[in-house]
file run.txt (compact mmCIF, C-alpha atoms)
# COMPACT_ATOMS: atom_id res chain seq x y z
CA MET O 1 141.73 210.37 66.25
CA THR O 2 139.65 207.23 66.67
CA ILE O 3 137.48 205.45 69.24
CA ASN O 4 139.27 202.50 70.82
CA VAL O 5 136.93 199.53 71.46
CA ARG O 6 137.87 196.61 73.70
CA PHE O 7 136.29 193.26 74.53
CA PHE O 8 136.98 190.97 77.49
CA ALA O 9 136.59 187.36 78.59
CA SER O 10 133.90 185.21 76.90
CA LEU O 11 132.77 188.09 74.70
CA ARG O 12 136.31 188.51 73.33
CA GLU O 13 136.40 184.80 72.46
CA ARG O 14 132.93 184.88 70.91
CA LEU O 15 133.82 187.83 68.68
CA GLY O 16 137.37 186.61 68.06
CA LEU O 17 138.48 190.17 68.72
CA GLU O 18 140.35 191.77 71.61
CA ARG O 19 140.32 195.36 70.43
CA THR O 20 139.56 197.47 67.40
CA GLU O 21 139.51 201.11 66.40
CA ILE O 22 136.61 202.85 64.72
CA GLN O 23 136.20 206.24 63.15
CA PRO O 24 134.03 208.62 65.20
CA ASP O 25 131.86 209.61 62.20
CA GLY O 26 128.26 208.61 62.90
CA ILE O 27 129.06 207.53 66.48
CA SER O 28 126.96 209.25 69.14
CA ASP O 29 126.62 206.85 72.07
CA VAL O 30 127.70 203.43 73.38
CA ARG O 31 124.90 201.68 71.48
CA SER O 32 126.10 203.07 68.17
CA VAL O 33 129.66 201.89 68.97
CA TRP O 34 128.35 198.34 69.37
CA GLN O 35 126.41 198.56 66.10
CA ALA O 36 129.60 199.70 64.35
CA VAL O 37 131.65 196.72 65.56
CA SER O 38 129.19 193.81 65.60
CA ASP O 39 126.15 192.50 63.75
CA LEU O 40 125.11 190.56 66.84
CA PRO O 41 122.20 191.81 68.96
CA LEU O 42 123.37 193.56 72.09
CA ASP O 43 123.05 191.08 74.96
CA GLU O 44 121.17 192.69 77.86
CA GLU O 45 123.60 191.18 80.36
CA LEU O 46 126.67 192.82 78.81
CA LEU O 47 128.38 195.52 80.83
CA VAL O 48 129.91 198.63 79.33
CA ALA O 49 132.65 201.03 80.38
CA VAL O 50 133.68 204.33 78.84
CA ASN O 51 137.20 205.44 79.73
CA ARG O 52 137.26 202.73 82.44
CA ASN O 53 134.09 203.85 84.22
CA TYR O 54 130.81 201.94 84.05
CA ALA O 55 128.45 203.49 81.54
CA SER O 56 124.97 203.03 80.09
CA LEU O 57 124.19 202.26 76.45
CA GLU O 58 122.95 205.82 76.11
CA GLN O 59 126.16 207.46 77.35
CA ALA O 60 127.69 209.83 74.80
CA VAL O 61 130.97 208.74 73.20
CA GLU O 62 133.54 211.13 71.81
CA ASP O 63 136.59 210.94 69.62
CA GLY O 64 139.52 209.49 71.61
CA ASP O 65 137.36 207.56 74.08
CA GLU O 66 137.99 203.95 75.09
CA VAL O 67 134.78 201.89 75.10
CA ALA O 68 134.82 198.38 76.62
CA PHE O 69 132.18 195.63 76.45
CA PHE O 70 132.29 192.64 78.78
CA PRO O 71 130.15 189.92 80.39
CA PRO O 72 129.03 189.93 84.06
CA VAL O 73 132.08 190.00 86.35
CA THR O 74 133.09 186.91 88.35
CA GLY O 75 135.99 187.89 90.59
CA GLY O 76 136.56 187.22 94.25
CA MET Q 77 144.17 201.95 102.10
CA HIS Q 78 146.07 199.64 99.82
CA ILE Q 79 144.89 197.79 96.68
CA ASP Q 80 147.08 195.23 94.95
CA ILE Q 81 146.56 192.93 91.98
CA ARG Q 82 149.02 190.02 91.91
CA GLN Q 83 150.15 187.70 89.15
CA LEU Q 84 151.84 185.34 91.63
CA ALA Q 85 150.53 183.31 94.57
CA PHE Q 86 150.49 185.17 97.90
CA ASP Q 87 150.14 184.22 101.57
CA PRO Q 88 147.33 186.39 103.03
CA TRP Q 89 148.51 185.82 106.61
CA GLN Q 90 152.03 187.02 105.86
CA GLU Q 91 150.57 189.99 104.00
CA LEU Q 92 148.41 190.85 107.01
CA THR Q 93 151.30 190.64 109.44
CA ALA Q 94 153.46 192.84 107.23
CA TYR Q 95 150.69 195.39 106.63
CA ARG Q 96 149.88 195.63 110.33
CA GLU Q 97 153.39 196.88 111.02
CA HIS Q 98 152.63 200.02 109.04
CA LEU Q 99 148.93 200.43 109.80
CA SER Q 100 147.83 204.03 109.67
CA ASP Q 101 146.70 205.43 113.02
CA SER Q 102 147.02 201.98 114.66
CA GLY Q 103 146.40 203.29 118.18
CA ARG Q 104 142.77 204.01 117.26
CA SER Q 105 142.18 200.47 115.89
CA GLY Q 106 140.13 198.16 118.11
CA ALA Q 107 138.88 195.70 115.50
CA CYS Q 108 140.08 193.95 112.36
CA ALA Q 109 137.85 191.81 110.10
CA VAL Q 110 139.39 189.60 107.44
CA PHE Q 111 137.98 187.66 104.50
CA VAL Q 112 140.10 185.25 102.44
CA GLY Q 113 138.66 183.62 99.31
CA THR Q 114 140.33 180.39 98.19
CA MET Q 115 140.01 178.37 94.99
CA ARG Q 116 138.00 175.13 95.34
CA ASP Q 117 138.76 171.97 93.34
CA TYR Q 118 135.14 171.65 92.20
CA ASN Q 119 132.38 173.85 90.80
CA GLU Q 120 128.87 173.04 89.66
CA GLY Q 121 129.47 169.31 90.03
CA ASP Q 122 132.76 169.17 88.09
CA SER Q 123 136.35 168.75 89.22
CA VAL Q 124 138.36 171.85 88.36
CA ARG Q 125 142.07 171.49 87.59
CA SER Q 126 142.92 175.20 87.49
CA MET Q 127 141.49 178.50 86.44
CA VAL Q 128 142.64 181.65 84.74
CA LEU Q 129 141.58 185.00 86.15
CA GLU Q 130 141.43 187.86 83.67
CA HIS Q 131 141.04 191.54 84.53
CA TYR Q 132 140.81 194.94 82.84
CA PRO Q 133 144.11 196.63 83.74
CA GLY Q 134 143.47 200.19 84.85
CA MET Q 135 139.72 199.86 85.31
CA THR Q 136 139.93 197.03 87.84
CA GLU Q 137 142.30 198.98 90.10
CA GLN Q 138 140.20 202.13 89.73
CA GLN Q 139 136.97 200.29 90.53
CA LEU Q 140 138.52 198.67 93.61
CA GLU Q 141 139.83 202.02 94.83
CA THR Q 142 136.38 203.55 94.39
CA LEU Q 143 134.48 200.82 96.24
CA VAL Q 144 137.02 200.41 99.07
CA GLY Q 145 137.23 204.19 99.41
CA ALA Q 146 133.44 204.40 99.71
CA SER Q 147 133.38 201.80 102.49
CA CYS Q 148 136.27 203.49 104.31
CA GLU Q 149 134.29 206.70 104.28
CA SER Q 150 130.86 205.33 105.18
CA HIS Q 151 132.13 203.05 107.98
CA ASP Q 152 134.83 205.44 109.21
CA LEU Q 153 137.50 202.77 108.72
CA ILE Q 154 141.03 203.32 109.92
CA ASP Q 155 142.60 201.32 107.12
CA ALA Q 156 141.83 198.68 104.48
CA LEU Q 157 143.88 196.17 102.48
CA VAL Q 158 142.67 194.33 99.38
CA ILE Q 159 144.82 191.87 97.40
CA HIS Q 160 143.41 189.96 94.39
CA ARG Q 161 145.08 187.36 92.18
CA VAL Q 162 145.02 187.25 88.39
CA GLY Q 163 146.55 184.74 85.97
CA GLU Q 164 146.58 180.96 86.42
CA ILE Q 165 145.44 179.71 89.83
CA THR Q 166 145.31 176.15 91.19
CA PRO Q 167 142.99 174.71 93.87
CA GLY Q 168 144.03 175.64 97.41
CA GLU Q 169 145.60 178.93 96.35
CA ASP Q 170 144.08 182.11 97.70
CA ILE Q 171 142.26 184.39 95.28
CA VAL Q 172 141.37 187.40 97.39
CA LEU Q 173 142.15 189.02 100.73
CA VAL Q 174 139.99 191.78 102.22
CA ALA Q 175 141.08 193.18 105.58
CA VAL Q 176 139.64 196.24 107.32
CA TRP Q 177 140.48 198.00 110.56
CA SER Q 178 138.10 200.12 112.62
CA ALA Q 179 137.54 201.37 116.16
CA HIS Q 180 134.76 198.84 116.90
CA ARG Q 181 133.73 195.41 115.57
CA SER Q 182 130.43 196.36 114.00
CA ALA Q 183 131.99 198.64 111.38
CA ALA Q 184 134.74 196.09 110.66
CA PHE Q 185 132.33 193.17 110.08
CA ASP Q 186 129.95 195.28 107.99
CA ALA Q 187 132.64 196.91 105.85
CA CYS Q 188 134.47 193.64 105.17
CA ARG Q 189 131.25 192.05 103.86
CA GLU Q 190 130.27 195.16 101.94
CA ILE Q 191 133.66 195.43 100.18
CA MET Q 192 133.61 191.73 99.29
CA GLU Q 193 130.09 191.89 97.84
CA ALA Q 194 130.85 195.08 95.89
CA LEU Q 195 134.05 193.50 94.54
CA LYS Q 196 132.12 190.40 93.43
CA SER Q 197 129.47 192.39 91.60
CA THR Q 198 131.42 195.32 90.13
CA ALA Q 199 135.20 194.72 89.93
CA PRO Q 200 136.09 193.63 86.38
CA PHE Q 201 137.55 190.14 86.87
CA TRP Q 202 136.52 187.02 84.93
CA LYS Q 203 137.21 183.37 85.72
CA LYS Q 204 137.78 180.65 83.18
CA GLU Q 205 137.88 177.13 84.59
CA ARG Q 206 139.98 174.27 83.24
CA LEU Q 207 138.10 171.10 84.08
CA ALA Q 208 139.60 167.75 84.96
CA GLY Q 209 139.54 164.89 82.45
CA ASP Q 210 138.54 165.75 78.90
CA LYS Q 211 135.86 168.26 79.80
CA GLY Q 212 137.81 171.24 78.49
CA GLU Q 213 137.41 174.85 79.60
CA ARG Q 214 134.46 177.05 80.50
CA TRP Q 215 133.86 180.62 81.59
CA VAL Q 216 132.17 181.12 84.94
CA GLU Q 217 129.02 182.97 83.88
CA ARG Q 218 128.07 184.54 87.19
CA ASN Q 219 129.03 184.54 90.84
CA THR Q 220 127.08 182.58 93.41
CA PRO Q 221 124.78 184.73 95.58
CA GLY Q 222 126.99 184.25 98.62

call {"tool": "encode", "arguments": {"input": "run.txt", "output": "structure tokens"}}
result
Amino acid sequence: MTINVRFFASLRERLGLERTEIQPDGISDVRSVWQAVSDLPLDEELLVAVNRNYASLEQAVEDGDEVAFFPPVTGG
Amino acid sequence: MHIDIRQLAFDPWQELTAYREHLSDSGRSGACAVFVGTMRDYNEGDSVRSMVLEHYPGMTEQQLETLVGASCESHDLIDALVIHRVGEITPGEDIVLVAVWSAHRSAAFDACREIMEALKSTAPFWKKERLAGDKGERWVERNTPG
């Protein structure tokens, strides 16, 4: 199993990456997922979802989860 | 309650007429409030040729269902309809329709505004504008306060 990580909108373009998979070893929470996929500092404005529900950086992440990072939303 | 995300242009007034035919518990409805959001041909001082609306399939629908469901419950709504476009949109096309039905006007006005504001701040959609001339493309960084 792996953790599926997704990026949307301007963040996807900035990273040049739409999705990636990481091994769960050493991953405890959302913050550690970000550190495993990017060297960039974590922008305070970024929003996070775990399994399609909004989450905090401290939320625990488990094997098989989908973690998404994205900029502030601009629909409507 | 019905939530729909559309790739193609839609006519909100036709959608409303059609939905009304099958409104749940229509005899109890004494008020309907409607909001329609339409794409402008300018933003922040620039002419905008078109825009592309991106969403997070699965999460966007789920988030809309949660926020519309919460307003239905708290305002005792009879029914609610939300349609939102994704994909490429040109000026003059409608982006979003929010319609709510209730027994009295106060709940309808309040719930319509509440759903629209919650959608703007929490539903995962992102707009990228294609500007006129040679100004290229840009992401809309945040929504206007209202």

call {"tool": "closest_residue", "arguments": {"input": "run.txt", "among": "Q:Ile81, Q:Leu207, Q:Glu193, Q:Glu91", "to": "Asn219 in chain Q", "atoms": "all atoms listed in the file"}}
result
Q:Glu193

call {"tool": "closest_atom_pairs", "arguments": {"input": "run.txt", "of": "range 86-203 of chain Q", "to": "range 10-33 of chain O", "cutoff": "12 Å", "atoms": "all atoms listed in the file", "output": "tab-separated table"}}
result
residue	atom	partner	partner_atom	distance
Q:Glu130	CA	O:Ser10	CA	10.5
Q:Tyr132	CA	O:Glu18	CA	11.7
Q:Phe201	CA	O:Ser10	CA	11.7
Q:Trp202	CA	O:Ser10	CA	8.6
Q:Lys203	CA	O:Ser10	CA	9.6

call {"tool": "atom_distance", "arguments": {"input": "run.txt", "atom1": "CA of Gly163 in chain Q", "atom2": "CA of Thr142 in chain Q"}}
result
23.0 Å

call {"tool": "atom_distance", "arguments": {"input": "run.txt", "atom1": "CA of Ile79 in chain Q", "atom2": "CA of Lys204 in chain Q"}}
result
22.9 Å

call {"tool": "closest_residue", "arguments": {"input": "run.txt", "among": "Q:Arg218, Q:Arg82, Q:Lys196, Q:His180", "to": "Ala109 in chain Q", "atoms": "all atoms listed in the file"}}
result
Q:His180

call {"tool": "atom_distance", "arguments": {"input": "run.txt", "atom1": "CA of Val67 in chain O", "atom2": "CA of Leu140 in chain Q"}}
result
19.2 Å
